[in-house]
Structures are given as C-alpha cells and as structure tokens.
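Quick look at data_35.pdb (PDB, C-alpha atoms):
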ATOM      1  CA  MET A   1       0.000   0.000   0.000
ATOM      2  CA  ALA A   2       1.313   3.445  -0.937
ATOM      3  CA  ALA A   3       2.012   5.987   1.760
ATOM      4  CA  ARG A   4      -0.685   8.528   2.504
ATOM      5  CA  ILE A   5      -0.719  11.797   4.399
ATOM      6  CA  ASP A   6      -3.030  12.258   7.379
ATOM      7  CA  HIS A   7      -3.600  15.723   8.831
ATOM      8  CA  LEU A   8      -4.385  16.666  12.407
ATOM      9  CA  VAL A   9      -4.771  20.144  13.925
ATOM     10  CA  THR A  10      -3.867  20.589  17.584
ATOM     11  CA  SER A  11      -4.139  23.699  19.720
ATOM     12  CA  GLY A  12      -1.942  25.171  22.426
ATOM     13  CA  THR A  13       0.446  28.035  23.041
ATOM     14  CA  PHE A  14       3.652  29.305  21.484
ATOM     15  CA  ALA A  15       6.059  30.936  23.929
ATOM     16  CA  LEU A  16       9.307  32.754  23.155
ATOM     17  CA  ASP A  17      11.126  35.875  24.341
ATOM     18  CA  GLY A  18       8.689  36.339  27.225
ATOM     19  CA  GLY A  19       5.542  36.354  25.091
ATOM     20  CA  THR A  20       2.818  33.727  24.762
ATOM     21  CA  TRP A  21       0.375  33.278  21.893
ATOM     22  CA  ASP A  22      -2.515  30.862  21.290
ATOM     23  CA  VAL A  23      -1.830  28.809  18.165
ATOM     24  CA  ASP A  24      -3.258  26.001  16.051
ATOM     25  CA  ASN A  25      -0.617  23.649  14.656
ATOM     26  CA  ASN A  26      -0.671  21.241  11.746
ATOM     27  CA  VAL A  27       0.503  17.747  12.613
ATOM     28  CA  TRP A  28       1.303  15.610   9.568
ATOM     29  CA  ILE A  29       1.327  11.806   9.662
ATOM     30  CA  VAL A  30       2.977  10.075   6.702
ATOM     31  CA  GLY A  31       2.696   6.325   6.279
ATOM     32  CA  ASP A  32       0.487   3.380   5.427
ATOM     33  CA  ASP A  33      -1.670   1.062   7.524
ATOM     34  CA  THR A  34       1.398  -0.480   9.181
ATOM     35  CA  GLU A  35       3.915   2.279   9.929
ATOM     36  CA  ALA A  36       4.173   6.044   9.941
ATOM     37  CA  ILE A  37       6.197   9.082  10.911
ATOM     38  CA  VAL A  38       4.871  12.169  12.652
ATOM     39  CA  VAL A  39       6.015  15.578  11.448
ATOM     40  CA  ASP A  40       5.892  17.942  14.466
ATOM     41  CA  ALA A  41       4.367  16.483  17.632
ATOM     42  CA  ALA A  42       2.422  19.571  18.684
ATOM     43  CA  HIS A  43       0.473  20.037  21.906
ATOM     44  CA  ASP A  44      -1.514  16.797  22.257
ATOM     45  CA  ALA A  45       0.210  13.414  22.412
ATOM     46  CA  ASP A  46      -3.117  11.637  23.049
ATOM     47  CA  ALA A  47      -4.735  13.053  19.912
ATOM     48  CA  ILE A  48      -1.683  12.207  17.801
ATOM     49  CA  ALA A  49      -1.559   8.661  19.180
ATOM     50  CA  ALA A  50      -5.268   8.245  18.426
ATOM     51  CA  ALA A  51      -4.695   9.393  14.833
ATOM     52  CA  LEU A  52      -1.878   6.865  14.497
ATOM     53  CA  GLY A  53      -4.139   4.045  15.590
ATOM     54  CA  GLY A  54      -2.231   0.780  15.829
ATOM     55  CA  ARG A  55       0.511   1.787  13.395
ATOM     56  CA  ARG A  56       4.156   1.548  14.374
ATOM     57  CA  LEU A  57       5.632   5.014  14.757
ATOM     58  CA  VAL A  58       9.009   5.009  13.007
ATOM     59  CA  ALA A  59      10.086   8.514  14.052
ATOM     60  CA  ILE A  60       8.932  11.862  15.396
ATOM     61  CA  VAL A  61      10.488  14.419  13.066
ATOM     62  CA  SER A  62      10.729  18.005  14.319
ATOM     63  CA  THR A  63      10.902  20.707  11.643
ATOM     64  CA  HIS A  64      12.317  23.044  14.302
ATOM     65  CA  ALA A  65      12.368  23.385  18.077
ATOM     66  CA  HIS A  66       9.904  26.153  18.882
ATOM     67  CA  ASN A  67       7.890  24.845  21.790
ATOM     68  CA  ASP A  68       4.605  24.598  19.882
ATOM     69  CA  HIS A  69       6.166  22.080  17.471
ATOM     70  CA  ILE A  70       7.883  19.872  20.067
ATOM     71  CA  ASP A  71       5.914  20.171  23.316
ATOM     72  CA  ALA A  72       4.212  16.764  22.926
ATOM     73  CA  ALA A  73       7.233  14.978  21.450
ATOM     74  CA  PRO A  74       8.646  13.415  24.643
ATOM     75  CA  ALA A  75       5.237  12.133  25.733
ATOM     76  CA  LEU A  76       4.577  10.650  22.290
ATOM     77  CA  ALA A  77       8.040   9.083  22.248
ATOM     78  CA  ALA A  78       7.499   7.549  25.679
ATOM     79  CA  ARG A  79       4.158   6.161  24.583
ATOM     80  CA  THR A  80       5.350   4.692  21.262
ATOM     81  CA  GLY A  81       9.069   4.082  21.643
ATOM     82  CA  ALA A  82       9.738   6.200  18.553
ATOM     83  CA  PRO A  83      12.901   8.330  18.411
ATOM     84  CA  ILE A  84      12.726  12.124  18.251
ATOM     85  CA  LEU A  85      14.720  13.647  15.379
ATOM     86  CA  LEU A  86      15.915  17.272  15.366
ATOM     87  CA  HIS A  87      18.619  19.263  13.585
ATOM     88  CA  GLY A  88      21.518  19.939  15.947
ATOM     89  CA  ASP A  89      21.459  23.700  15.382
ATOM     90  CA  ASP A  90      18.114  23.868  17.196
ATOM     91  CA  LEU A  91      19.299  22.234  20.425
ATOM     92  CA  PRO A  92      19.451  25.582  22.303
ATOM     93  CA  LEU A  93      15.773  26.164  21.475
ATOM     94  CA  TRP A  94      14.879  22.581  22.360
ATOM     95  CA  LYS A  95      16.460  22.922  25.785
ATOM     96  CA  GLN A  96      14.218  25.900  26.561
ATOM     97  CA  THR A  97      11.234  23.541  26.457
ATOM     98  CA  HIS A  98      12.737  20.182  27.426
ATOM     99  CA  PRO A  99      15.909  20.793  29.472
ATOM    100  CA  GLU A 100      15.903  17.267  30.916
ATOM    101  CA  ARG A 101      15.193  15.320  27.694
ATOM    102  CA  SER A 102      17.356  15.469  24.588
ATOM    103  CA  PRO A 103      16.310  14.440  21.077
ATOM    104  CA  ASP A 104      17.334  10.906  20.174
ATOM    105  CA  ARG A 105      18.896  11.498  16.759
ATOM    106  CA  GLU A 106      20.195  14.423  14.754
ATOM    107  CA  LEU A 107      18.750  15.441  11.408
ATOM    108  CA  THR A 108      21.272  16.395   8.727
ATOM    109  CA  ASP A 109      20.882  18.085   5.373
ATOM    110  CA  GLY A 110      20.361  15.542   2.620
ATOM    111  CA  GLN A 111      19.406  12.757   5.013
ATOM    112  CA  VAL A 112      16.683  10.464   3.675
ATOM    113  CA  ILE A 113      13.951   9.143   5.954
ATOM    114  CA  THR A 114      12.016   6.187   4.555
ATOM    115  CA  VAL A 115       8.552   5.169   5.706
ATOM    116  CA  ALA A 116       6.068   2.886   3.963
ATOM    117  CA  GLY A 117       8.321   2.795   0.904
ATOM    118  CA  THR A 118       8.310   6.579   0.604
ATOM    119  CA  GLU A 119      11.472   8.690   0.831
ATOM    120  CA  LEU A 120      11.530  12.085   2.522
ATOM    121  CA  THR A 121      14.687  14.130   2.057
ATOM    122  CA  VAL A 122      15.760  16.542   4.797
ATOM    123  CA  LEU A 123      16.420  20.077   3.543
ATOM    124  CA  HIS A 124      18.147  22.347   6.064
ATOM    125  CA  THR A 125      16.313  25.671   5.729
ATOM    126  CA  PRO A 126      17.496  28.020   8.501
ATOM    127  CA  GLY A 127      16.008  31.436   9.086
ATOM    128  CA  HIS A 128      12.877  30.949  11.177
ATOM    129  CA  ALA A 129      15.140  28.933  13.472
ATOM    130  CA  PRO A 130      18.799  27.919  13.037
ATOM    131  CA  GLY A 131      18.006  24.232  12.709
ATOM    132  CA  ALA A 132      14.780  24.521  10.735
ATOM    133  CA  VAL A 133      14.297  21.777   8.163
ATOM    134  CA  CYS A 134      11.789  20.899   5.470
ATOM    135  CA  LEU A 135      10.969  17.370   4.336
ATOM    136  CA  TYR A 136      10.635  16.833   0.600
ATOM    137  CA  ALA A 137       8.715  13.767  -0.547
ATOM    138  CA  PRO A 138       8.824  13.743  -4.371
ATOM    139  CA  GLY A 139       6.879  10.489  -4.513
ATOM    140  CA  LEU A 140       3.991  12.234  -2.785
ATOM    141  CA  GLY A 141       4.469  15.517  -4.649
ATOM    142  CA  THR A 142       4.780  17.436  -1.412
ATOM    143  CA  VAL A 143       7.144  19.261   0.921
ATOM    144  CA  PHE A 144       6.536  19.715   4.640
ATOM    145  CA  THR A 145       7.843  23.186   5.424
ATOM    146  CA  GLY A 146       7.173  23.665   9.129
ATOM    147  CA  ASP A 147       7.323  27.423   9.697
ATOM    148  CA  THR A 148       9.761  28.185   6.867
ATOM    149  CA  LEU A 149       7.228  28.810   4.089
ATOM    150  CA  PHE A 150       3.517  29.528   4.387
ATOM    151  CA  GLN A 151       0.711  30.427   2.051
ATOM    152  CA  GLY A 152       1.597  34.067   1.464
ATOM    153  CA  GLY A 153       5.228  34.168   2.473
ATOM    154  CA  PRO A 154       8.087  33.261   4.803
ATOM    155  CA  GLY A 155       7.761  32.322   8.446
ATOM    156  CA  ALA A 156       8.257  34.982  11.110
ATOM    157  CA  THR A 157      11.790  36.198  11.798
ATOM    158  CA  GLY A 158      11.237  38.884  14.416
ATOM    159  CA  ARG A 159      12.248  36.868  17.465
ATOM    160  CA  SER A 160      15.353  35.265  18.937
ATOM    161  CA  PHE A 161      17.281  32.724  16.851
ATOM    162  CA  SER A 162      15.712  33.991  13.587
ATOM    163  CA  ASP A 163      16.981  36.004  10.621
ATOM    164  CA  PHE A 164      15.056  37.363   7.614
ATOM    165  CA  PRO A 165      17.823  37.332   4.940
ATOM    166  CA  THR A 166      18.627  33.749   5.935
ATOM    167  CA  ILE A 167      15.043  32.518   5.544
ATOM    168  CA  VAL A 168      14.774  34.238   2.157
ATOM    169  CA  ASP A 169      17.942  32.471   1.005
ATOM    170  CA  SER A 170      16.604  29.143   2.283
ATOM    171  CA  ILE A 171      13.303  29.552   0.469
ATOM    172  CA  ARG A 172      14.906  30.761  -2.762
ATOM    173  CA  ASP A 173      17.652  28.152  -2.896
ATOM    174  CA  ARG A 174      16.034  25.078  -1.329
ATOM    175  CA  LEU A 175      12.271  25.363  -1.866
ATOM    176  CA  LEU A 176      11.476  27.483  -4.915
ATOM    177  CA  THR A 177      13.728  25.178  -6.961
ATOM    178  CA  LEU A 178      11.271  22.311  -6.380
ATOM    179  CA  PRO A 179       8.686  21.503  -9.086
ATOM    180  CA  PRO A 180       5.976  24.193  -9.139
ATOM    181  CA  GLU A 181       3.186  21.676  -8.605
ATOM    182  CA  THR A 182       4.739  20.544  -5.295
ATOM    183  CA  VAL A 183       2.193  20.915  -2.489
ATOM    184  CA  VAL A 184       3.512  22.913   0.472
ATOM    185  CA  ARG A 185       2.187  21.495   3.736
ATOM    186  CA  THR A 186       2.854  24.061   6.425
ATOM    187  CA  GLY A 187       3.189  24.172  10.196
ATOM    188  CA  HIS A 188       0.133  26.402  10.582
ATOM    189  CA  GLY A 189      -2.764  27.300   8.319
ATOM    190  CA  ASP A 190      -3.631  26.251   4.795
ATOM    191  CA  SER A 191      -1.471  24.419   2.296
ATOM    192  CA  THR A 192      -0.230  26.046  -0.909
ATOM    193  CA  THR A 193       2.076  25.129  -3.812
ATOM    194  CA  ILE A 194       5.590  26.102  -4.793
ATOM    195  CA  GLY A 195       4.203  27.557  -8.019
ATOM    196  CA  ALA A 196       1.744  29.764  -6.135
ATOM    197  CA  GLU A 197       4.442  31.202  -3.858
ATOM    198  CA  ALA A 198       7.432  31.524  -6.210
ATOM    199  CA  PRO A 199       6.273  34.681  -8.049
ATOM    200  CA  HIS A 200       6.099  36.635  -4.790
ATOM    201  CA  LEU A 201       9.737  36.335  -3.677
ATOM    202  CA  ASP A 202      10.687  39.882  -4.626
ATOM    203  CA  GLU A 203       7.552  41.193  -2.936
ATOM    204  CA  TRP A 204       8.500  39.431   0.316
ATOM    205  CA  ILE A 205      12.000  40.879   0.159
ATOM    206  CA  ALA A 206      10.575  44.364  -0.371
ATOM    207  CA  ARG A 207       8.277  43.886   2.633
ATOM    208  CA  GLY A 208      11.257  42.639   4.616
ATOM    209  CA  HIS A 209       9.273  40.733   7.209
TER     210      HIS A 209
END

What would the structure in this file look like if it were written as structure tokens?
Amino acid sequence: MAARIDHLVTSGTFALDGGTWDVDNNVWIVGDDTEAIVVDAAHDADAIAAALGGRRLVAIVSTHAHNDHIDAAPALAARTGAPILLHGDDLPLWKQTHPERSPDRELTDGQVITVAGTELTVLHTPGHAPGAVCLYAPGLGTVFTGDTLFQGGPGATGRSFSDFPTIVDSIRDRLLTLPPETVVRTGHGDSTTIGAEAPHLDEWIARGH
C-alpha cells in the first residue's frame, strides 16, 4: 500500500522571548496502515496517538524546536518508543522547552527518511530557526515546510534565533527550486504550492518581514 498523508490540527500556546500566543498547529502523519512518521508532535500526544491508531511510529520528526512544534514529542516518544529527530542547530531552542530530555537522533541536510516505501529528504532551511528543516517527498508531490514557508510568504523572523535574509535564502535556494506543482504542507494554516508562492519572492523581500 502506498504511503498517505493524514492531517491533524492541535491547539496550544507558542512561547518565546517572554511572550505567549494561542496557536493552532498542523501535525502531519505520513505512512500506510502499518507504519508512519509524525512531522511535528504539537500540543496533544493523546490526539496524535489516536490518529496513528495501531501503526508503528518510526520517528517523530521536528521541523524546528519552537515549543509549539515539540511540546508533545517526549510524551509521544514515551508512549510509542519512537525516536525524536531534530537538527543539531536547534538544540538551544529545544532545551528551553525540554531541558531534561534530549532528542534521540540528529537530522542532517540531505538525510533520507524512509517510511512505507516513501522517501523524505531533509532540507536544512534556517532562518525561522537555526536548525529549521523541510521534508521533501517527491513520490507524494509534497514538501513539509514547518514554519519556513507559508501560504503568502516566509515564516516569522522577528524573534530570537531567527533572521530574515537567511530565511529568504533558504526559500529561494532550497524550496522554490522544487517543481511548481509541489504541495507545500505548512506548520500552521492552509497548504499552498511552490508555483503559487514563487512569483512573490521579490515582494516578500521588499516587505522585509
């Protein structure tokens, strides 16, 4: 059976630099009826486990270490035995949320994660966070972008550990080079496509946000 993508929205808070905001997060589950990976274990380990059903969880992949994308990861790992994967450059952010529990494995640029016969390639896309990554699954015609690229532009870069020129470079060099029909599945909000976002790069740069 070919891999499919299941989508779950969980709600909680995002906290950084002394501020707290209510947020809804996209949780993506990629797999078949037997095994799966979770992209961003946000807020609610029980809800994510229920969506998994009886499938074996191969890995919990974190697109970056802002608390709203990793807060449920240790609980889900404890419940399923799955390892937590995070790019090493985001360890300082991770430790703000989980000082007593480290990720299990390090994500690296170009690494390939295979689940249900489907390959997802790790693209290091810093800017929103130093260790931000996207997961490109050409066989599914999609890229999971976390908070790097949204419908309408780049992720926020106004807080600690972020940088606007860096995120623009990441999007230009790593994402907008993907086929235009590639579906962009984001960390928050609606999906889009590479082709829909590519024409607006200069506009984003002019806005400088």

What's the 6 Å shell around stretch 3-16 of chain A, counting all atoms listed in the file, without same-chain residues fewer than 2 positions away, as a list in words?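 Result of the neighbour search: Gly18, Gly19, Thr20, Trp21, Asp22, Val23, Asp24, Asn25, Asn26, Val27, Trp28, Ile29, Val30, Gly31, Asp32, His43, Asp68 and Ala116 of chain A.
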
Take the selection from the previous step and output its residues with C-alpha atoms, as a compact mmCIF listing (two decimals), in the frame of the given file.
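Saved to again-v1.txt:
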# COMPACT_ATOMS: atom_id res chain seq x y z
CA GLY A 18 8.69 36.34 27.22
CA GLY A 19 5.54 36.35 25.09
CA THR A 20 2.82 33.73 24.76
CA TRP A 21 0.38 33.28 21.89
CA ASP A 22 -2.52 30.86 21.29
CA VAL A 23 -1.83 28.81 18.16
CA ASP A 24 -3.26 26.00 16.05
CA ASN A 25 -0.62 23.65 14.66
CA ASN A 26 -0.67 21.24 11.75
CA VAL A 27 0.50 17.75 12.61
CA TRP A 28 1.30 15.61 9.57
CA ILE A 29 1.33 11.81 9.66
CA VAL A 30 2.98 10.07 6.70
CA GLY A 31 2.70 6.32 6.28
CA ASP A 32 0.49 3.38 5.43
CA HIS A 43 0.47 20.04 21.91
CA ASP A 68 4.61 24.60 19.88
CA ALA A 116 6.07 2.89 3.96

I'd like the neighbourhood of A:Val122 as a list in words, where a residue qualifies if any of its atoms comes within 9 Å (using only C-alpha atoms), though same-chain residues fewer than 2 positions away should be ignored.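 The residues satisfying every condition are Leu107, Thr108, Asp109, Gly110, Gln111, Val112, Ile113, Leu120, His124, Val133, Cys134, Leu135 and Tyr136 of chain A.
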
Skip A:Arg185 itself and residues of its chain fewer than 3 positions away, then list as a ChimeraX atom specification all residues within 9 Å of it, counting all atoms listed in the file. /A:26,28,142-146,149-150,188-193

Quick one: of A:Ile205, A:Leu123, A:Ala72, A:Pro199, who's nearest to A:Ser170, counting only C-alpha atoms? A:Leu123

Test item: residues at most 10 Å from A:Gly208, all atoms listed in the file, excluding those fewer than 4 positions along its chain, as a PDB file with C-alpha atoms, keeping the file's coordinate frame:
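Everything below was put into part_14.pdb:
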ATOM      1  CA  PRO A 154       8.087  33.261   4.803  1.00  0.00           C
ATOM      2  CA  THR A 157      11.790  36.198  11.798  1.00  0.00           C
ATOM      3  CA  PHE A 164      15.056  37.363   7.614  1.00  0.00           C
ATOM      4  CA  PRO A 165      17.823  37.332   4.940  1.00  0.00           C
ATOM      5  CA  VAL A 168      14.774  34.238   2.157  1.00  0.00           C
ATOM      6  CA  ASP A 202      10.687  39.882  -4.626  1.00  0.00           C
ATOM      7  CA  GLU A 203       7.552  41.193  -2.936  1.00  0.00           C
ATOM      8  CA  TRP A 204       8.500  39.431   0.316  1.00  0.00           C
TER       9      TRP A 204
END

May I ask which of the residues A:Gly117, A:Gly195, A:Gly158, A:Gly153 is the closest one to A:Leu176, counting all atoms listed in the file? A:Gly195

Proximity to A:Ser102 - best of A:Gly53, A:Gly131, A:Pro180, A:Pro74, only C-alpha atoms: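 Nearest candidate to A:Ser102 out of A:Gly53, A:Gly131, A:Pro180, A:Pro74: A:Pro74.
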
Residue contacts of A:Leu85 (12 Å, only C-alpha atoms) excluding same-chain residues fewer than 6 positions away, as a ChimeraX atom specification: /A:37-41,58-65,70,73-74,77,91,94,102-108,111,113,122,131-133

Could you jot down the atom CA of A:Ala2 to atom CA of A:Glu119 separation for me, Å, one decimal place?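 Spanning atom CA of A:Ala2 to atom CA of A:Glu119 is a straight-line distance of 11.6 Å.
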
Let me make sure I understand: among A:Arg79, A:His66, A:Arg174, A:Arg55, which one has the smallest atom-to-atom distance to A:Pro92 if we use only C-alpha atoms?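 So, comparing all the options, the nearest one is A:His66.
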
Select, from A:Arg56, A:His128, A:Lys95, A:His69, the residue with the minimum atom-to-atom distance to A:Pro83, counting only C-alpha atoms.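 Nearest candidate to A:Pro83 out of A:Arg56, A:His128, A:Lys95, A:His69: A:Arg56.
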
Determine the nearest neighbour of A:Leu178 from the options A:Ala51, A:Ala156, A:Ala137, A:Ala45, counting all atoms listed in the file. A:Ala137

Atom CA of A:Gln96 to atom CA of A:Pro130, straight-line distance in Å: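 We find that atom CA of A:Pro130 and atom CA of A:Gln96 lie 14.4 Å from each other.
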
Between atom CA of A:Thr97 and atom CA of A:Leu57, what distance in Å does the model show, to one decimal? 22.6 Å

Centre, x/y/z edge lengths, axis-aligned box for stretch 115-119 of chain A with 3 Å per side, as lines of an AutoDock Vina configuration file:
center_x = 8.8
center_y = 5.7
center_z = 3.2
size_x = 11.4
size_y = 11.9
size_z = 11.1

Reconstruct stretch 137-173 of chain A at the level of N, CA and C atoms, and format the result as a PDB file, in the frame of the given file.
ATOM      1  N   ALA A 137       9.125  15.113  -0.160  1.00  0.00           N
ATOM      2  CA  ALA A 137       8.715  13.767  -0.547  1.00  0.00           C
ATOM      3  C   ALA A 137       8.266  13.797  -2.003  1.00  0.00           C
ATOM      4  N   PRO A 138       9.201  13.646  -2.959  1.00  0.00           N
ATOM      5  CA  PRO A 138       8.824  13.743  -4.371  1.00  0.00           C
ATOM      6  C   PRO A 138       7.795  12.706  -4.787  1.00  0.00           C
ATOM      7  N   GLY A 139       7.843  11.524  -4.167  1.00  0.00           N
ATOM      8  CA  GLY A 139       6.879  10.489  -4.513  1.00  0.00           C
ATOM      9  C   GLY A 139       5.454  10.853  -4.150  1.00  0.00           C
ATOM     10  N   LEU A 140       5.310  11.757  -3.197  1.00  0.00           N
ATOM     11  CA  LEU A 140       3.991  12.234  -2.785  1.00  0.00           C
ATOM     12  C   LEU A 140       3.695  13.623  -3.342  1.00  0.00           C
ATOM     13  N   GLY A 141       4.664  14.193  -4.071  1.00  0.00           N
ATOM     14  CA  GLY A 141       4.469  15.517  -4.649  1.00  0.00           C
ATOM     15  C   GLY A 141       4.289  16.605  -3.614  1.00  0.00           C
ATOM     16  N   THR A 142       5.005  16.476  -2.490  1.00  0.00           N
ATOM     17  CA  THR A 142       4.780  17.436  -1.412  1.00  0.00           C
ATOM     18  C   THR A 142       6.066  17.755  -0.665  1.00  0.00           C
ATOM     19  N   VAL A 143       6.063  18.886   0.018  1.00  0.00           N
ATOM     20  CA  VAL A 143       7.144  19.261   0.921  1.00  0.00           C
ATOM     21  C   VAL A 143       6.508  19.778   2.214  1.00  0.00           C
ATOM     22  N   PHE A 144       7.005  19.272   3.326  1.00  0.00           N
ATOM     23  CA  PHE A 144       6.536  19.715   4.640  1.00  0.00           C
ATOM     24  C   PHE A 144       7.483  20.819   5.106  1.00  0.00           C
ATOM     25  N   THR A 145       6.963  22.033   5.237  1.00  0.00           N
ATOM     26  CA  THR A 145       7.843  23.186   5.424  1.00  0.00           C
ATOM     27  C   THR A 145       7.879  23.734   6.845  1.00  0.00           C
ATOM     28  N   GLY A 146       7.166  23.110   7.778  1.00  0.00           N
ATOM     29  CA  GLY A 146       7.173  23.665   9.129  1.00  0.00           C
ATOM     30  C   GLY A 146       6.775  25.129   9.094  1.00  0.00           C
ATOM     31  N   ASP A 147       7.607  25.984   9.694  1.00  0.00           N
ATOM     32  CA  ASP A 147       7.323  27.423   9.697  1.00  0.00           C
ATOM     33  C   ASP A 147       8.275  28.194   8.782  1.00  0.00           C
ATOM     34  N   THR A 148       8.870  27.505   7.805  1.00  0.00           N
ATOM     35  CA  THR A 148       9.761  28.185   6.867  1.00  0.00           C
ATOM     36  C   THR A 148       8.983  28.896   5.764  1.00  0.00           C
ATOM     37  N   LEU A 149       8.008  28.213   5.180  1.00  0.00           N
ATOM     38  CA  LEU A 149       7.228  28.810   4.089  1.00  0.00           C
ATOM     39  C   LEU A 149       5.751  28.539   4.314  1.00  0.00           C
ATOM     40  N   PHE A 150       4.962  29.607   4.222  1.00  0.00           N
ATOM     41  CA  PHE A 150       3.517  29.528   4.387  1.00  0.00           C
ATOM     42  C   PHE A 150       2.822  29.967   3.107  1.00  0.00           C
ATOM     43  N   GLN A 151       1.514  29.794   3.085  1.00  0.00           N
ATOM     44  CA  GLN A 151       0.711  30.427   2.051  1.00  0.00           C
ATOM     45  C   GLN A 151       0.818  31.943   2.270  1.00  0.00           C
ATOM     46  N   GLY A 152       1.469  32.626   1.338  1.00  0.00           N
ATOM     47  CA  GLY A 152       1.597  34.067   1.464  1.00  0.00           C
ATOM     48  C   GLY A 152       2.957  34.557   1.922  1.00  0.00           C
ATOM     49  N   GLY A 153       3.902  33.660   2.168  1.00  0.00           N
ATOM     50  CA  GLY A 153       5.228  34.168   2.473  1.00  0.00           C
ATOM     51  C   GLY A 153       6.015  33.389   3.497  1.00  0.00           C
ATOM     52  N   PRO A 154       7.189  33.935   3.858  1.00  0.00           N
ATOM     53  CA  PRO A 154       8.087  33.261   4.803  1.00  0.00           C
ATOM     54  C   PRO A 154       7.525  33.248   6.217  1.00  0.00           C
ATOM     55  N   GLY A 155       8.063  32.326   7.026  1.00  0.00           N
ATOM     56  CA  GLY A 155       7.761  32.322   8.446  1.00  0.00           C
ATOM     57  C   GLY A 155       8.328  33.552   9.130  1.00  0.00           C
ATOM     58  N   ALA A 156       7.854  33.797  10.343  1.00  0.00           N
ATOM     59  CA  ALA A 156       8.257  34.982  11.110  1.00  0.00           C
ATOM     60  C   ALA A 156       9.743  34.933  11.448  1.00  0.00           C
ATOM     61  N   THR A 157      10.371  36.114  11.456  1.00  0.00           N
ATOM     62  CA  THR A 157      11.790  36.198  11.798  1.00  0.00           C
ATOM     63  C   THR A 157      12.060  37.337  12.779  1.00  0.00           C
ATOM     64  N   GLY A 158      11.059  37.737  13.533  1.00  0.00           N
ATOM     65  CA  GLY A 158      11.237  38.884  14.416  1.00  0.00           C
ATOM     66  C   GLY A 158      11.651  38.544  15.833  1.00  0.00           C
ATOM     67  N   ARG A 159      11.935  37.267  16.091  1.00  0.00           N
ATOM     68  CA  ARG A 159      12.248  36.868  17.465  1.00  0.00           C
ATOM     69  C   ARG A 159      13.639  36.234  17.535  1.00  0.00           C
ATOM     70  N   SER A 160      14.025  35.846  18.726  1.00  0.00           N
ATOM     71  CA  SER A 160      15.353  35.265  18.937  1.00  0.00           C
ATOM     72  C   SER A 160      15.580  34.064  18.027  1.00  0.00           C
ATOM     73  N   PHE A 161      16.823  33.868  17.650  1.00  0.00           N
ATOM     74  CA  PHE A 161      17.281  32.724  16.851  1.00  0.00           C
ATOM     75  C   PHE A 161      16.824  32.792  15.392  1.00  0.00           C
ATOM     76  N   SER A 162      16.230  33.920  14.952  1.00  0.00           N
ATOM     77  CA  SER A 162      15.712  33.991  13.587  1.00  0.00           C
ATOM     78  C   SER A 162      16.403  35.105  12.800  1.00  0.00           C
ATOM     79  N   ASP A 163      16.312  35.015  11.460  1.00  0.00           N
ATOM     80  CA  ASP A 163      16.981  36.004  10.621  1.00  0.00           C
ATOM     81  C   ASP A 163      16.292  36.052   9.258  1.00  0.00           C
ATOM     82  N   PHE A 164      15.833  37.242   8.850  1.00  0.00           N
ATOM     83  CA  PHE A 164      15.056  37.363   7.614  1.00  0.00           C
ATOM     84  C   PHE A 164      15.872  37.071   6.356  1.00  0.00           C
ATOM     85  N   PRO A 165      17.062  37.667   6.156  1.00  0.00           N
ATOM     86  CA  PRO A 165      17.823  37.332   4.940  1.00  0.00           C
ATOM     87  C   PRO A 165      18.121  35.844   4.820  1.00  0.00           C
ATOM     88  N   THR A 166      18.330  35.185   5.960  1.00  0.00           N
ATOM     89  CA  THR A 166      18.627  33.749   5.935  1.00  0.00           C
ATOM     90  C   THR A 166      17.427  32.945   5.475  1.00  0.00           C
ATOM     91  N   ILE A 167      16.231  33.279   5.961  1.00  0.00           N
ATOM     92  CA  ILE A 167      15.043  32.518   5.544  1.00  0.00           C
ATOM     93  C   ILE A 167      14.744  32.749   4.073  1.00  0.00           C
ATOM     94  N   VAL A 168      14.983  33.966   3.586  1.00  0.00           N
ATOM     95  CA  VAL A 168      14.774  34.238   2.157  1.00  0.00           C
ATOM     96  C   VAL A 168      15.725  33.389   1.320  1.00  0.00           C
ATOM     97  N   ASP A 169      16.976  33.305   1.731  1.00  0.00           N
ATOM     98  CA  ASP A 169      17.942  32.471   1.005  1.00  0.00           C
ATOM     99  C   ASP A 169      17.502  31.005   1.017  1.00  0.00           C
ATOM    100  N   SER A 170      17.037  30.539   2.172  1.00  0.00           N
ATOM    101  CA  SER A 170      16.604  29.143   2.283  1.00  0.00           C
ATOM    102  C   SER A 170      15.445  28.859   1.342  1.00  0.00           C
ATOM    103  N   ILE A 171      14.471  29.758   1.322  1.00  0.00           N
ATOM    104  CA  ILE A 171      13.303  29.552   0.469  1.00  0.00           C
ATOM    105  C   ILE A 171      13.693  29.613  -1.003  1.00  0.00           C
ATOM    106  N   ARG A 172      14.499  30.604  -1.357  1.00  0.00           N
ATOM    107  CA  ARG A 172      14.906  30.761  -2.762  1.00  0.00           C
ATOM    108  C   ARG A 172      15.714  29.550  -3.235  1.00  0.00           C
ATOM    109  N   ASP A 173      16.685  29.145  -2.440  1.00  0.00           N
ATOM    110  CA  ASP A 173      17.652  28.152  -2.896  1.00  0.00           C
ATOM    111  C   ASP A 173      17.196  26.708  -2.697  1.00  0.00           C
TER     112      ASP A 173
END
